[in-house]
Amino acid sequence: MVSSCRFLWYAVTVAVFFVPDVSATGGDGALCSEAVPQNAPYLNPKHSTDARVLDLLERMCWQEKVAQLGGVGGLLSINSTYNATKYSEIARLHNGTISPGEYLNYAEEAVPVILKVAAEAKEQHRLHIPYINVADSVNGVTLRGTTLFPATLSMSNSWNQDLFKSVITAIRDELLACGINWVLSPDLDVSRDPRNGRNGETYGEDNYIISELATEYVKIMEEVDEQGFMKIATTIKHFVYGEEHGGVNLASMYGGINHIYNDLAAPFIKVLQRTKPASVMPSYASIDRVPAHANRYLLQDVLRGSLGFEGIILSDADAISQLYNWHKISPTLQDAGLTALAAGVQSELAINFPTGFEQLVSQSASDAVVNQVNEAVRQLMTLKYRLGLFDRPVQSNRTSLTTLRSPKHISLAKTISQESIVLLQNDGFLPLVRSANTRVALIGPLAEVVDTGTYAAWTNSENGNKTLVDAVKDKFGADNVVYVRGVPLTETTSDNISDAAIAAQQADIVIISLGAIAVGWGDSLANQRTDGEGFTHSSLGFPGLQQDLLDAVIATGKPVILVLSGGQAFELEGSASEARAIIHSFLAGEYTAEAVVGIITGAVNPSGKITTTFPIASVVNPVYYNRLPSDYSAGAINLPKIQEVYRYPFGYGLSYTTFSLSNGKVSTKSVSKSGVVSVSTTITNTGSIAGQEVVQLYFRQNAPSAIELPTKRLTGFTKVTLTAGESKQVQLQIPVKELGYYVDGKYRVDTAVFSFYVGTSSSDKDLQGPFDVSVS
């Protein structure tokens with residue numbers, strides 16, 4: 001199932017616009033049938049937003065209100081064309097939002113078309129109500145000709161908040177240049193199941209780092225411009241999600257209220273405490289048997305009541321109709337719309353029509369429905385005013401498009417790619433010492449792929465010579481490089497493994513590129529995907545015959561560098577463990593290959609660290625680091641017997657230099673519940689080259705506690721740059737109020753002893769401590 005939101009229509013280029021039906025019904029505003037004066041308060045920016053919205057609601061007829069709840073879900077097909085007849089039909093009852101559609105269109109061609117349609121729609125609407133232009137933004141703008149940044153998981157692997165903020169600022173500025181007003185990001189899902197194909201869209205498995213990055217994302221996007229208007233509205237999603245059965249995208253989840261508050265909803269709680277995101281998107285999942293889009297308790301009692309959310313509740317794509325055709329709790333599509341509305345869903349994203357909300361046109365006699373629709377429209381109109389859509393012309397600005405792919409943005413994309421790639425294994429073979437005639441065998445199907453993630457404006461049929469094949473040949477010289485694919489991406493029919501082994505045997509070094517394809521729906525390799533939205537990993541092994549290829553190459557005895565690609569963890573026992581080095585590039589954007597080669601040759605010192613735990617074997621699940629003490633009782637996991645459940649722990653990643661931590665201490669041995677704990681340590685670069693290390697702070701509450709609590713929790717981090725031999729003191733401060741937890745929806749901080757640990761990964765062997773503090 002396609003989520004928010006790639007929408008595609010087929011193409012003619014004639015513009016036809018809708019004229020709303022304003023015949024009177026019981027849901028009409030009091031001034032619905034009256035002519036609109038030029039000085040109407042809703043058109044006058046001198047009035048307050050609340051006054052303007054109230055006046056506008058009084059002038060809207062029922063059908064116009066209902067139409068604001070839906071949108072034109074993806075205007076453009078390929079070549080920036082659209083079906084004007086279909087647009088006219090759908091826009092009649094879906095004219096609250098509009099979105100660009102086909103990702104493979106170029107911004108310079110698509111943006112003028114989209115904004116021309118939006119401008120004419122605003123002009124021809126009886127009340128001149130504008131669209132909100134809504135789009136996904138995982139890697140950046142979903143149009144080509146923009147900067148393609150790494151996907152969300154990759155960016156979290158950088159652990160560099162300052163760099164992350166610069167990248168999000170660049171993405172925001174490119175969105176603005178393309179006329180986008182509302183994004184379906186950030187993703188706050190806690191990706192605790194490595195089998196989930198959508199983990200590449202998340203910030204990882206830890207709710208602290210998710211909260212920190214998502215908070216900055218919302219703040220930067222929703223920054224106010226010089227005219228006082230919000231720049232870009234955001235959507236925090238998917239409320240709630242992350243532990244669905246079998247890693248399946250739409251599957252159900254179980255868990256009590258303490259699990260939801262302390263684990264799955266924890267990032268939402270933090271972001272809502274620190275910011276005011278414009279919207280929240282429920283998940284596709286059923287939580288304790290109740291679909292999120294029909295879950296009044298979750299959306300009203302928890303989200304609005306307990307968490308205090310005041311913005312718009314926006315559906316995921318086709319999630320309302322799924323109450324009828326997927327979850328099968330509604331007997332009709334109309335009932336699905338009424339159920340979602342009653343639960344609190346206020347705006348609808350859709351791919352397929354009819355959707356459920358347009359059925360509300362027949363419900364004007366219901367006071368409950370009228371009140372719910374009025375409140376939804378009030379929220380949506382308020383957002384349109386806050387974005388300046390009523391007060392500024394809708395027009396394409398060729399000058400603003402020069403923001404796209406600016407030198408600064410390209411530089412940021414390269415830097416975040418370099419810092420997002422993780423060196424998982426290295427026996428000292430890297431950085432590579434080579435001669436001018438070093439012979440390289442480059443092997444594997446991923447070497448000729450730019451692996452971008454599901455929501456990227458990219459196609460491998462036009463990959464811009466940015467594959468690993470291109471980068472390796474450019475660095476080592478085409479005459480010194482032999483490329484053999486070895487096996488197909490996913491098929492189980494042997495390709496030429498023997499040729500690959502021969503090439504490896506004849507080379508000085510071997511670079512083998514394996515992994516999983518996670519590309520957009522329009523990519524030429526879309527039918528080869530095994531990762532990304534709509535996919536679940538029954539095994540964390542390599543797809544197809546890739547493992548056979550790796551076995552054959554390792555068996556040659558030549559030094560092998562294994563380069564992984566995909567938004568997922570892989571099982572890396574067996575022959576993979578015999579590689580001299582393992583580099584995971586995840587979904588690091590269009591400059592992935594350049595960054596990988598930079599790491600191999602030493603031009604780049606790797607500094608990325610994983611934000612998802614890599615299990616020791618596919619069958620070991622769950623494996624996230626912040627487990628409960630009872631999750632892994634003695635002897636519970638046998639394969640037939642394993643000492644550690646993980647191959648690589650959360651927060652782990654290697655560098656070409658070495659670091660040591662010393663003099664760890666806390667500022668006080670006791671503190672009040674209103675106080676602050678300061679933990680400090682000295683970090684020293686003990687190696688011979690400059691590098692970056694992430695200092696990570698974890699804590700654990702000792703008994704007593706009202707519920708079972710995790711063995712450790714991340715509560716702070718900072719990325720430090722050090723020259724060879726340099727030392728710095730790092731200090732991390734934690735308000736005591738951040739050390740609490742929820743019981744039955746109520747937050748508490750206990751009188752107890754808290755143990756703090758500081759180190760370079762979540763593994764006990766990489767941590768100093770405990771440093772105990774008594775809280776009272």
# chains A, B, ... in the order shown; residues from 1 in each chain; ligands from 1
>>> select_by_dssp(residues="range 535-692 of chain A", states="strand (DSSP E or B)", output="ChimeraX atom specification")
/A:536,560-565,581-584,614-615,646-648,654,659-666,670-671,676-685,691-692
>>> residues_around(residues="Ala569 in chain A", least_positions_apart="3", cutoff="7 Å", atoms="only C-alpha atoms", output="JSON list (two decimals) with C-alpha atoms, in the first residue's frame")
[["chain", "number", "residue", "atom", "x", "y", "z"],
["A", 194, "PRO", "CA", 14.38, -4.65, 11.83],
["A", 540, "LEU", "CA", 17.75, -9.98, 7.09],
["A", 614, "PHE", "CA", 21.99, -5.13, 14.00]]
>>> closest_residue(among="A:Arg439, A:His293, A:Arg748, A:Lys473", to="Val597 in chain A", atoms="only C-alpha atoms")
A:Lys473
>>> residues_around(residues="range 431-437 of chain A", least_positions_apart="2", cutoff="6 Å", atoms="only C-alpha atoms", output="PyMOL selection string")
chain A and resi 600-602
>>> closest_residue(among="A:Leu333, A:Leu69, A:Leu387, A:Ile78", to="Glu223 in chain A", atoms="only C-alpha atoms")
A:Leu387
>>> atom_distance(atom1="CA of Gly477 in chain A", atom2="CA of Ala579 in chain A")
23.6 Å
>>> atom_distance(atom1="CA of Leu550 in chain A", atom2="CA of Glu201 in chain A")
27.6 Å
>>> atom_distance(atom1="CA of Phe771 in chain A", atom2="CA of Lys665 in chain A")
6.4 Å
>>> residues_around(residues="Lys165 in chain A", least_positions_apart="5", cutoff="10 Å", atoms="only C-alpha atoms", output="list in words")
Asn160, Ala170, Ile171, Leu213, Glu216, Tyr217, Lys219 and Ile220 of chain A
>>> residues_around(residues="range 486-503 of chain A", least_positions_apart="4", cutoff="12 Å", atoms="only C-alpha atoms", output="CSV table (one decimal) with N, CA and C atoms, in the first residue's frame")
chain,number,residue,atom,x,y,z
A,439,ARG,N,45.1,-3.0,-8.8
A,439,ARG,CA,44.0,-3.6,-9.6
A,439,ARG,C,42.8,-3.9,-8.7
A,440,VAL,N,41.6,-3.4,-9.1
A,440,VAL,CA,40.4,-3.5,-8.3
A,440,VAL,C,39.4,-4.3,-9.1
A,441,ALA,N,38.9,-5.3,-8.4
A,441,ALA,CA,37.7,-6.0,-8.9
A,441,ALA,C,36.5,-5.5,-8.1
A,442,LEU,N,35.6,-4.9,-8.8
A,442,LEU,CA,34.4,-4.3,-8.3
A,442,LEU,C,33.2,-5.3,-8.7
A,443,ILE,N,32.6,-5.8,-7.6
A,443,ILE,CA,31.6,-6.9,-7.9
A,443,ILE,C,30.3,-6.6,-7.1
A,444,GLY,N,29.2,-7.1,-7.7
A,444,GLY,CA,27.9,-7.0,-7.0
A,444,GLY,C,26.9,-6.1,-7.7
A,445,PRO,N,25.7,-6.5,-7.6
A,445,PRO,CA,24.6,-5.8,-8.4
A,445,PRO,C,24.3,-4.4,-7.8
A,446,LEU,N,24.6,-4.1,-6.6
A,446,LEU,CA,24.3,-2.8,-6.0
A,446,LEU,C,25.4,-1.7,-6.4
A,447,ALA,N,26.5,-2.2,-7.1
A,447,ALA,CA,27.5,-1.2,-7.5
A,447,ALA,C,27.0,-0.3,-8.6
A,448,GLU,N,26.0,-0.8,-9.3
A,448,GLU,CA,25.5,0.0,-10.5
A,448,GLU,C,24.1,0.7,-10.2
A,449,VAL,N,23.9,0.8,-8.9
A,449,VAL,CA,22.6,1.4,-8.4
A,449,VAL,C,22.8,2.6,-7.5
A,480,ASN,N,42.2,0.2,-14.4
A,480,ASN,CA,42.6,-0.6,-13.3
A,480,ASN,C,41.4,-1.3,-12.6
A,481,VAL,N,40.2,-1.1,-13.1
A,481,VAL,CA,39.0,-1.6,-12.5
A,481,VAL,C,38.3,-2.5,-13.4
A,482,VAL,N,37.9,-3.7,-12.9
A,482,VAL,CA,37.1,-4.6,-13.6
A,482,VAL,C,35.8,-4.8,-12.9
A,507,ALA,N,42.6,-9.8,-9.0
A,507,ALA,CA,42.7,-8.4,-8.5
A,507,ALA,C,43.6,-8.3,-7.3
A,508,ASP,N,44.0,-7.1,-7.0
A,508,ASP,CA,44.8,-6.8,-5.7
A,508,ASP,C,43.8,-6.7,-4.6
A,509,ILE,N,42.7,-6.0,-4.8
A,509,ILE,CA,41.6,-5.8,-3.8
A,509,ILE,C,40.3,-6.0,-4.5
A,510,VAL,N,39.3,-6.4,-3.6
A,510,VAL,CA,38.0,-6.6,-4.1
A,510,VAL,C,37.0,-5.7,-3.3
A,511,ILE,N,36.2,-5.0,-4.0
A,511,ILE,CA,35.1,-4.2,-3.4
A,511,ILE,C,33.8,-4.9,-3.9
A,512,ILE,N,33.0,-5.4,-3.0
A,512,ILE,CA,31.7,-6.1,-3.3
A,512,ILE,C,30.6,-5.3,-2.7
A,513,SER,N,29.6,-4.9,-3.6
A,513,SER,CA,28.5,-4.1,-3.2
A,513,SER,C,27.2,-4.9,-3.2
A,514,LEU,N,26.6,-5.1,-2.0
A,514,LEU,CA,25.4,-5.9,-1.9
A,514,LEU,C,24.4,-5.2,-1.0
A,515,GLY,N,23.2,-5.7,-1.1
A,515,GLY,CA,22.1,-5.1,-0.2
A,515,GLY,C,20.8,-5.2,-0.8
A,516,ALA,N,19.9,-4.2,-0.5
A,516,ALA,CA,18.5,-4.2,-0.8
A,516,ALA,C,18.1,-2.9,-1.5
A,517,ILE,N,17.3,-3.0,-2.6
A,517,ILE,CA,16.9,-1.9,-3.3
A,517,ILE,C,15.7,-1.2,-2.6
A,518,ALA,N,15.8,0.1,-2.4
A,518,ALA,CA,14.7,0.9,-1.9
A,518,ALA,C,14.6,2.1,-2.7
A,525,LEU,N,14.2,0.7,-11.5
A,525,LEU,CA,14.4,-0.6,-10.8
A,525,LEU,C,13.3,-0.9,-9.7
A,526,ALA,N,12.2,-0.2,-9.9
A,526,ALA,CA,11.1,-0.4,-8.9
A,526,ALA,C,10.7,-1.8,-8.7
A,527,ASN,N,10.7,-2.6,-9.8
A,527,ASN,CA,10.3,-4.0,-9.7
A,527,ASN,C,11.3,-4.9,-9.1
A,528,GLN,N,12.5,-4.3,-8.7
A,528,GLN,CA,13.5,-5.1,-8.0
A,528,GLN,C,13.6,-4.8,-6.6
A,529,ARG,N,12.7,-4.0,-6.1
A,529,ARG,CA,12.7,-3.6,-4.7
A,529,ARG,C,12.5,-4.7,-3.7
A,530,THR,N,13.2,-4.7,-2.6
A,530,THR,CA,12.9,-5.6,-1.5
A,530,THR,C,12.9,-4.8,-0.2
A,531,ASP,N,13.1,-3.5,-0.3
A,531,ASP,CA,13.2,-2.7,0.9
A,531,ASP,C,12.4,-1.4,0.6
A,541,GLY,N,18.9,-11.5,5.6
A,541,GLY,CA,20.0,-11.9,4.7
A,541,GLY,C,19.8,-11.1,3.4
A,542,PHE,N,20.8,-11.4,2.5
A,542,PHE,CA,20.8,-10.6,1.3
A,542,PHE,C,19.8,-11.3,0.3
A,543,PRO,N,19.1,-10.4,-0.5
A,543,PRO,CA,18.2,-11.0,-1.5
A,543,PRO,C,18.8,-11.8,-2.6
A,544,GLY,N,18.0,-12.7,-3.2
A,544,GLY,CA,18.5,-13.5,-4.3
A,544,GLY,C,19.7,-14.3,-4.0
A,545,LEU,N,20.6,-14.3,-4.9
A,545,LEU,CA,21.9,-15.1,-4.8
A,545,LEU,C,23.0,-14.3,-4.3
A,546,GLN,N,22.8,-13.1,-3.7
A,546,GLN,CA,23.9,-12.3,-3.3
A,546,GLN,C,24.8,-12.9,-2.3
A,547,GLN,N,24.2,-13.7,-1.4
A,547,GLN,CA,25.0,-14.4,-0.4
A,547,GLN,C,26.0,-15.4,-1.0
A,548,ASP,N,25.4,-16.1,-2.0
A,548,ASP,CA,26.3,-17.1,-2.8
A,548,ASP,C,27.4,-16.3,-3.4
A,549,LEU,N,27.2,-15.2,-4.0
A,549,LEU,CA,28.2,-14.4,-4.6
A,549,LEU,C,29.3,-14.0,-3.6
A,550,LEU,N,28.8,-13.5,-2.4
A,550,LEU,CA,29.8,-13.1,-1.4
A,550,LEU,C,30.6,-14.3,-0.9
A,551,ASP,N,30.0,-15.5,-0.7
A,551,ASP,CA,30.7,-16.7,-0.3
A,551,ASP,C,31.8,-17.0,-1.3
A,552,ALA,N,31.5,-16.9,-2.6
A,552,ALA,CA,32.5,-17.3,-3.7
A,552,ALA,C,33.7,-16.3,-3.7
A,553,VAL,N,33.3,-15.0,-3.5
A,553,VAL,CA,34.4,-14.0,-3.5
A,553,VAL,C,35.3,-14.1,-2.3
A,554,ILE,N,34.7,-14.3,-1.1
A,554,ILE,CA,35.5,-14.5,0.1
A,554,ILE,C,36.4,-15.7,0.0
A,555,ALA,N,35.9,-16.7,-0.6
A,555,ALA,CA,36.7,-18.0,-0.8
A,555,ALA,C,37.9,-17.8,-1.6
A,556,THR,N,38.1,-16.7,-2.4
A,556,THR,CA,39.3,-16.5,-3.2
A,556,THR,C,40.5,-16.2,-2.3
A,557,GLY,N,40.2,-15.7,-1.1
A,557,GLY,CA,41.3,-15.3,-0.2
A,557,GLY,C,41.8,-13.9,-0.4
A,558,LYS,N,41.3,-13.2,-1.4
A,558,LYS,CA,41.7,-11.8,-1.7
A,558,LYS,C,41.1,-10.9,-0.6
A,560,VAL,N,38.8,-8.3,0.8
A,560,VAL,CA,37.5,-7.9,0.4
A,560,VAL,C,37.0,-6.8,1.3
A,565,SER,N,24.2,-1.6,1.1
A,565,SER,CA,23.3,-0.5,0.7
A,565,SER,C,21.9,-0.9,1.0
>>> select_by_dssp(residues="range 64-281 of chain A", states="helix (DSSP H, G or I)", output="MDAnalysis selection string")
chainID A and resid 64:68 78:80 84:91 107:124 152:157 161:177 199:201 207:221 245:247 257:264 266:274
>>> residues_around(residues="range 584-589 of chain A", least_positions_apart="3", cutoff="6 Å", atoms="only C-alpha atoms", output="PyMOL selection string")
chain A and resi 148-151+154+417+421-422+451-452+563-567+592
>>> closest_residue(among="A:Leu739, A:Cys178, A:Val604, A:Leu732", to="Pro710 in chain A", atoms="only C-alpha atoms")
A:Leu739
>>> residues_around(residues="range 342-352 of chain A", least_positions_apart="4", cutoff="6 Å", atoms="only C-alpha atoms", output="list of chain:residue names")
A:Phe7, A:Leu69, A:Gly70, A:Gly73, A:Ala294, A:Asn295, A:Arg296, A:Ile313, A:Leu314, A:Ser315, A:Asp316, A:Ala317, A:Asp318, A:Ala376
>>> decode(residues="range 662-686 of chain A", atoms="N, CA, C and O atoms", output="PDB file, in the first residue's frame")
ATOM      1  N   SER A 662      38.002   9.530  29.668  1.00  0.00           N
ATOM      2  CA  SER A 662      38.561   9.449  31.011  1.00  0.00           C
ATOM      3  C   SER A 662      37.921  10.506  31.893  1.00  0.00           C
ATOM      4  O   SER A 662      37.259  11.434  31.413  1.00  0.00           O
ATOM      5  N   ASN A 663      38.125  10.355  33.190  1.00  0.00           N
ATOM      6  CA  ASN A 663      37.666  11.338  34.173  1.00  0.00           C
ATOM      7  C   ASN A 663      36.155  11.566  34.122  1.00  0.00           C
ATOM      8  O   ASN A 663      35.679  12.685  34.310  1.00  0.00           O
ATOM      9  N   GLY A 664      35.410  10.510  33.866  1.00  0.00           N
ATOM     10  CA  GLY A 664      33.956  10.641  33.906  1.00  0.00           C
ATOM     11  C   GLY A 664      33.467  10.934  35.314  1.00  0.00           C
ATOM     12  O   GLY A 664      33.936  10.330  36.284  1.00  0.00           O
ATOM     13  N   LYS A 665      32.532  11.845  35.424  1.00  0.00           N
ATOM     14  CA  LYS A 665      32.009  12.185  36.756  1.00  0.00           C
ATOM     15  C   LYS A 665      30.688  12.924  36.627  1.00  0.00           C
ATOM     16  O   LYS A 665      30.340  13.447  35.561  1.00  0.00           O
ATOM     17  N   VAL A 666      29.953  12.962  37.735  1.00  0.00           N
ATOM     18  CA  VAL A 666      28.713  13.738  37.818  1.00  0.00           C
ATOM     19  C   VAL A 666      28.959  14.942  38.710  1.00  0.00           C
ATOM     20  O   VAL A 666      29.847  14.939  39.575  1.00  0.00           O
ATOM     21  N   SER A 667      28.175  15.979  38.486  1.00  0.00           N
ATOM     22  CA  SER A 667      28.368  17.233  39.201  1.00  0.00           C
ATOM     23  C   SER A 667      27.929  17.162  40.648  1.00  0.00           C
ATOM     24  O   SER A 667      28.358  17.970  41.479  1.00  0.00           O
ATOM     25  N   THR A 668      27.064  16.210  40.964  1.00  0.00           N
ATOM     26  CA  THR A 668      26.527  16.115  42.312  1.00  0.00           C
ATOM     27  C   THR A 668      26.113  14.679  42.591  1.00  0.00           C
ATOM     28  O   THR A 668      25.791  13.935  41.655  1.00  0.00           O
ATOM     29  N   LYS A 669      26.140  14.305  43.845  1.00  0.00           N
ATOM     30  CA  LYS A 669      25.702  12.971  44.214  1.00  0.00           C
ATOM     31  C   LYS A 669      24.226  12.922  44.580  1.00  0.00           C
ATOM     32  O   LYS A 669      23.629  11.851  44.683  1.00  0.00           O
ATOM     33  N   SER A 670      23.634  14.094  44.773  1.00  0.00           N
ATOM     34  CA  SER A 670      22.203  14.156  45.077  1.00  0.00           C
ATOM     35  C   SER A 670      21.630  15.424  44.471  1.00  0.00           C
ATOM     36  O   SER A 670      22.319  16.449  44.360  1.00  0.00           O
ATOM     37  N   VAL A 671      20.380  15.371  44.088  1.00  0.00           N
ATOM     38  CA  VAL A 671      19.748  16.492  43.404  1.00  0.00           C
ATOM     39  C   VAL A 671      18.246  16.425  43.626  1.00  0.00           C
ATOM     40  O   VAL A 671      17.675  15.341  43.806  1.00  0.00           O
ATOM     41  N   SER A 672      17.606  17.576  43.592  1.00  0.00           N
ATOM     42  CA  SER A 672      16.155  17.616  43.723  1.00  0.00           C
ATOM     43  C   SER A 672      15.501  17.335  42.381  1.00  0.00           C
ATOM     44  O   SER A 672      16.153  17.381  41.328  1.00  0.00           O
ATOM     45  N   LYS A 673      14.207  17.091  42.417  1.00  0.00           N
ATOM     46  CA  LYS A 673      13.478  16.786  41.184  1.00  0.00           C
ATOM     47  C   LYS A 673      13.370  17.989  40.252  1.00  0.00           C
ATOM     48  O   LYS A 673      13.041  17.838  39.071  1.00  0.00           O
ATOM     49  N   SER A 674      13.658  19.179  40.769  1.00  0.00           N
ATOM     50  CA  SER A 674      13.653  20.368  39.918  1.00  0.00           C
ATOM     51  C   SER A 674      15.053  20.745  39.447  1.00  0.00           C
ATOM     52  O   SER A 674      15.242  21.753  38.768  1.00  0.00           O
ATOM     53  N   GLY A 675      16.036  19.929  39.790  1.00  0.00           N
ATOM     54  CA  GLY A 675      17.423  20.255  39.499  1.00  0.00           C
ATOM     55  C   GLY A 675      17.909  19.730  38.158  1.00  0.00           C
ATOM     56  O   GLY A 675      17.143  19.239  37.326  1.00  0.00           O
ATOM     57  N   VAL A 676      19.227  19.838  37.971  1.00  0.00           N
ATOM     58  CA  VAL A 676      19.893  19.423  36.738  1.00  0.00           C
ATOM     59  C   VAL A 676      21.094  18.559  37.102  1.00  0.00           C
ATOM     60  O   VAL A 676      21.840  18.880  38.039  1.00  0.00           O
ATOM     61  N   VAL A 677      21.280  17.467  36.387  1.00  0.00           N
ATOM     62  CA  VAL A 677      22.452  16.624  36.545  1.00  0.00           C
ATOM     63  C   VAL A 677      23.418  16.934  35.405  1.00  0.00           C
ATOM     64  O   VAL A 677      23.020  16.973  34.239  1.00  0.00           O
ATOM     65  N   SER A 678      24.668  17.172  35.757  1.00  0.00           N
ATOM     66  CA  SER A 678      25.701  17.421  34.756  1.00  0.00           C
ATOM     67  C   SER A 678      26.696  16.276  34.787  1.00  0.00           C
ATOM     68  O   SER A 678      27.264  15.959  35.841  1.00  0.00           O
ATOM     69  N   VAL A 679      26.899  15.648  33.644  1.00  0.00           N
ATOM     70  CA  VAL A 679      27.849  14.548  33.510  1.00  0.00           C
ATOM     71  C   VAL A 679      28.962  14.997  32.576  1.00  0.00           C
ATOM     72  O   VAL A 679      28.688  15.492  31.474  1.00  0.00           O
ATOM     73  N   SER A 680      30.188  14.838  33.005  1.00  0.00           N
ATOM     74  CA  SER A 680      31.312  15.283  32.188  1.00  0.00           C
ATOM     75  C   SER A 680      32.309  14.159  31.993  1.00  0.00           C
ATOM     76  O   SER A 680      32.396  13.215  32.792  1.00  0.00           O
ATOM     77  N   THR A 681      33.076  14.260  30.930  1.00  0.00           N
ATOM     78  CA  THR A 681      34.144  13.315  30.639  1.00  0.00           C
ATOM     79  C   THR A 681      35.161  14.008  29.755  1.00  0.00           C
ATOM     80  O   THR A 681      34.853  15.004  29.083  1.00  0.00           O
ATOM     81  N   THR A 682      36.363  13.488  29.742  1.00  0.00           N
ATOM     82  CA  THR A 682      37.405  14.000  28.855  1.00  0.00           C
ATOM     83  C   THR A 682      37.587  13.015  27.718  1.00  0.00           C
ATOM     84  O   THR A 682      37.809  11.814  27.956  1.00  0.00           O
ATOM     85  N   ILE A 683      37.491  13.510  26.508  1.00  0.00           N
ATOM     86  CA  ILE A 683      37.690  12.659  25.338  1.00  0.00           C
ATOM     87  C   ILE A 683      38.998  13.058  24.678  1.00  0.00           C
ATOM     88  O   ILE A 683      39.297  14.250  24.512  1.00  0.00           O
ATOM     89  N   THR A 684      39.798  12.061  24.319  1.00  0.00           N
ATOM     90  CA  THR A 684      41.098  12.287  23.716  1.00  0.00           C
ATOM     91  C   THR A 684      41.209  11.500  22.420  1.00  0.00           C
ATOM     92  O   THR A 684      40.840  10.326  22.359  1.00  0.00           O
ATOM     93  N   ASN A 685      41.712  12.172  21.385  1.00  0.00           N
ATOM     94  CA  ASN A 685      42.029  11.489  20.138  1.00  0.00           C
ATOM     95  C   ASN A 685      43.403  10.858  20.305  1.00  0.00           C
ATOM     96  O   ASN A 685      44.427  11.551  20.283  1.00  0.00           O
ATOM     97  N   THR A 686      43.433   9.563  20.500  1.00  0.00           N
ATOM     98  CA  THR A 686      44.682   8.854  20.762  1.00  0.00           C
ATOM     99  C   THR A 686      45.338   8.324  19.484  1.00  0.00           C
ATOM    100  O   THR A 686      46.354   7.615  19.551  1.00  0.00           O
TER     101      THR A 686
END
